[in-house]
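So the structure is just underneath, and the comments pick up after that.
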Amino acid sequence: MEKIVAVDLFCGAGGLTHGLVTEGIKVAAGIDSDSSCKYAYEKNNNAVFIGKTIEELSSSDISKFYPKGAIKVLVGCAPCQPFSAYAKGKNKNSPDKKWKLLEQFTRLILELNPDVVSMENVPRLKKNKVYRDFLDALKKCGHEISENIVYCPDYGIPQSRTRLVVLASKLNKIRIVDKTHKNLNYVTVKDAIGGGLEPLSNGEASRFDPLHRTSRMSELNELRITNTPPGGSWKDWDESMISACHKKESGKSYYNVYGRMRWDAPAPTITTQCCGFGNGRFGHPEQNRAISLREAALIQTFPDYYDFIEPDKPVFIKKLATHIGNAVPVELGRVIARSIKKHLEVSNG
C-alpha cells in the first residue's frame, strides 16, 4: 500500500491524532489555535504542532507535510459549540465566528484536494447550510461520501456520545467499519475508571498521578452529592437543597445537572466542564466528588500513559478539562483510522 499521511485540523491535545497513530497512520502535523495544547500533542504523537487559527492557514502550510506520492488524508473536528444542543435556541443567523470554521475547512479541501477526508462533529450540524456547502465541496473534488451517525458505545467507547462522522474519498466508495459492541456488552464507567485509581476526597489530588485530581466543591454541593444516588440528580434531593432556578417551571427540565454517574452504564458525554459536579452528570458513582481529570481522560479513552502535563509546570484543572473535554475520543479516532485503512486496502485490490 502507498504511504498514508494525515494532517489533523483543530487537533487540540491530540485525541483524533492518537487514534490514527495507534492504528498505524502517520500524522505529520496538527493545527490548532490553542497553543497550550502543544505539549500534549507533540509529546504523545511524534507530530508537529502548528499554533495557528484555520483562517491564517494557507494550503501551502499543509501541503508541505505530504510527501510526493503519498495518499493525502485531511481530518478534523471543527469546534461544535455553534451546532450543539446548548446553542439550539440561539439565532442561527448570528455572526458567531465559530460558524466560519467549517467554511475554512471547506476552503482547504478545495485548495488541497486531499484523497481522503474525515470530519467529526455533532449530529445537529446536518441541519445547517454550512454543512451542505461542505458536502458540495467534497463532491466538487470528486469524493464519494459516507455520512454516519455514530453512537459511541457501539464502538466500545464508555460514554453516551452521539457524533456525526463524515468519511469521503476520491479513490472509491468508503464506509465506516462495523460496530463492535451491543447493549449487553457496552463498556461501562466501571470498566473505564473502576480499577486501580486511588480513592479521592472532594478537592483532593493523588500523590502518585498529577492528573488524578478533583475540583473542590462548596460545602453545599458536597452535601448535595452525598444525597444523590448513582444515576440520580438534583431531583432526588430534599427541597431545601434545590437551587431556586430549578424550582421555577423553566428550570425543571434541566435534569442533566448535579448528577451522579452509574457504574453499570456508559458515562454521559464528557465536556469541557467535566470536572464540575454542577455542570452535568459528572459526579463520581460512589465517592462524594466530581470525577478527576484522569477519570475524564480515561472515559475519553485516552490511554493511561498519555501525558498532558509539562514537567515542572502548575496543573490548571480548568485548562486541562478543556483539553480533555474538547478532544475526539481516542477510540473514535481508531474507528476512523480502521475505516480509512480498510477502504484503502479494498481500493488497492
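Convention: chains lettered A, B, ... in C-alpha cells order; per-chain residue numbering from 1; ligands numbered from 1 as shown.
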
Exercise: A:Gly30 partners within 9 Å, only C-alpha atoms, chain neighbours under 2 positions left out, as a VMD selection string: chain A and resid 6 to 12 14 17 27 to 28 32 41 to 42 47 to 51

Non-local contacts of A:Tyr151 (8 Å; only C-alpha atoms; under 3 positions in same chain excluded) as a PyMOL selection string: chain A and resi 154-155+160-163

Of the listed residues A:Leu16, A:Leu293, A:Leu110, A:Leu184, that which approaches A:Gly156 most closely, counting only C-alpha atoms: A:Leu184

Backbone DSSP call of strand (DSSP E or B) for stretch 113-340 of chain A, listed as a count of residues only: 29

Pick from A:Gly203, A:Val73, A:Arg289, A:Val150 nearest to A:Leu171, counting only C-alpha atoms: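 Residue with the minimum atom-to-atom distance to A:Leu171: A:Val73.
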
A:Leu102, A:Ala337, A:Ala321, A:Ile62 ranked by distance to A:Cys37, top pick (using only C-alpha atoms):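 Among the listed residues, A:Ala321 lies closest to A:Cys37.
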
Secondary structure check, helix (DSSP H, G or I) residues of stretch 72-316 of chain A, as a VMD selection string: chain A and resid 81 to 83 85 to 87 97 to 112 123 to 127 129 to 140 152 to 155 183 to 185 189 to 193 219 to 226 234 to 236 239 to 241 244 to 247 249 to 251 277 to 279 293 to 299

For the residues selected in the previous step, produce a file with C-alpha atoms as a tab-separated table (two decimals), in the first residue's frame.
chain	number	residue	atom	x	y	z
A	81	GLN	CA	-20.43	24.79	20.09
A	82	PRO	CA	-22.41	26.66	17.38
A	83	PHE	CA	-24.12	23.41	16.35
A	85	ALA	CA	-27.95	21.40	21.63
A	86	TYR	CA	-26.85	24.14	24.02
A	87	ALA	CA	-26.85	26.61	21.13
A	97	LYS	CA	-17.26	33.41	14.16
A	98	LYS	CA	-17.16	29.70	15.04
A	99	TRP	CA	-19.74	29.11	12.33
A	100	LYS	CA	-16.96	30.12	9.93
A	101	LEU	CA	-14.61	27.33	10.97
A	102	LEU	CA	-16.26	24.66	8.86
A	103	GLU	CA	-16.25	27.10	5.94
A	104	GLN	CA	-12.49	27.36	6.35
A	105	PHE	CA	-12.22	23.55	6.43
A	106	THR	CA	-14.17	23.57	3.16
A	107	ARG	CA	-11.78	26.14	1.69
A	108	LEU	CA	-8.77	23.98	2.48
A	109	ILE	CA	-10.37	20.90	0.93
A	110	LEU	CA	-10.90	22.82	-2.32
A	111	GLU	CA	-7.31	24.12	-2.27
A	112	LEU	CA	-5.57	20.88	-1.21
A	123	PRO	CA	-25.35	15.45	14.51
A	124	ARG	CA	-27.21	18.77	14.71
A	125	LEU	CA	-24.70	20.16	12.21
A	126	LYS	CA	-26.58	18.31	9.42
A	127	LYS	CA	-29.41	20.86	9.64
A	129	LYS	CA	-26.31	25.24	5.27
A	130	VAL	CA	-22.61	25.33	6.17
A	131	TYR	CA	-22.71	21.51	6.31
A	132	ARG	CA	-24.39	21.21	2.92
A	133	ASP	CA	-21.74	23.52	1.48
A	134	PHE	CA	-19.08	21.26	3.00
A	135	LEU	CA	-20.57	18.21	1.26
A	136	ASP	CA	-20.85	20.13	-2.04
A	137	ALA	CA	-17.12	20.94	-1.85
A	138	LEU	CA	-16.30	17.26	-1.37
A	139	LYS	CA	-18.44	16.33	-4.38
A	140	LYS	CA	-16.78	19.06	-6.44
A	152	CYS	CA	-20.08	5.81	20.71
A	153	PRO	CA	-20.92	2.82	22.98
A	154	ASP	CA	-21.46	0.78	19.78
A	155	TYR	CA	-17.70	1.06	19.26
A	183	ASN	CA	-26.23	-3.05	24.54
A	184	LEU	CA	-25.39	-6.18	26.53
A	185	ASN	CA	-21.63	-5.59	26.38
A	189	VAL	CA	-17.99	3.59	33.77
A	190	LYS	CA	-16.73	0.77	35.99
A	191	ASP	CA	-14.77	-0.74	33.10
A	192	ALA	CA	-13.19	2.64	32.38
A	193	ILE	CA	-12.37	4.01	35.85
A	219	GLU	CA	-19.99	22.57	51.40
A	220	LEU	CA	-23.50	22.80	49.96
A	221	ASN	CA	-22.54	20.85	46.84
A	222	GLU	CA	-20.76	18.26	48.95
A	223	LEU	CA	-23.99	17.82	50.92
A	224	ARG	CA	-25.92	17.61	47.65
A	225	ILE	CA	-23.74	14.89	46.12
A	226	THR	CA	-23.92	12.92	49.36
A	234	TRP	CA	-31.00	17.20	41.89
A	235	LYS	CA	-34.49	15.76	41.54
A	236	ASP	CA	-33.58	13.28	44.29
A	239	GLU	CA	-36.36	20.63	48.64
A	240	SER	CA	-34.09	22.63	50.96
A	241	MET	CA	-31.06	21.70	48.82
A	244	ALA	CA	-34.07	28.42	43.23
A	245	CYS	CA	-33.65	28.25	39.44
A	246	HIS	CA	-34.66	24.57	39.39
A	247	LYS	CA	-37.81	25.30	41.38
A	249	GLU	CA	-41.07	26.00	35.79
A	250	SER	CA	-38.38	26.98	33.27
A	251	GLY	CA	-35.68	25.16	35.27
A	277	PHE	CA	-20.41	18.48	39.73
A	278	GLY	CA	-22.95	21.20	38.91
A	279	ASN	CA	-22.23	21.20	35.16
A	293	LEU	CA	-9.07	14.84	35.23
A	294	ARG	CA	-7.61	11.35	34.90
A	295	GLU	CA	-11.04	9.74	35.07
A	296	ALA	CA	-12.33	12.14	32.42
A	297	ALA	CA	-9.36	11.27	30.19
A	298	LEU	CA	-9.96	7.54	30.62
A	299	ILE	CA	-13.65	7.94	29.74

Atom pair atom CA of A:Gln159 / atom CA of A:Met261: separation (Å):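 Atom CA of A:Gln159 sits 10.4 Å away from atom CA of A:Met261.
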
Surrounding residues of A:Ile340 excluding itself and chain neighbours under 5 positions, 10 Å, only C-alpha atoms, as a list in words: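 Returned residues: Ile4, Leu20, Ile25, Val73, Val116, Val117, Ser118, Leu167, Ala168, Ser169, Ile174, Arg175, Ile176, Val177, Arg334, Val335 and Glu345 of chain A.
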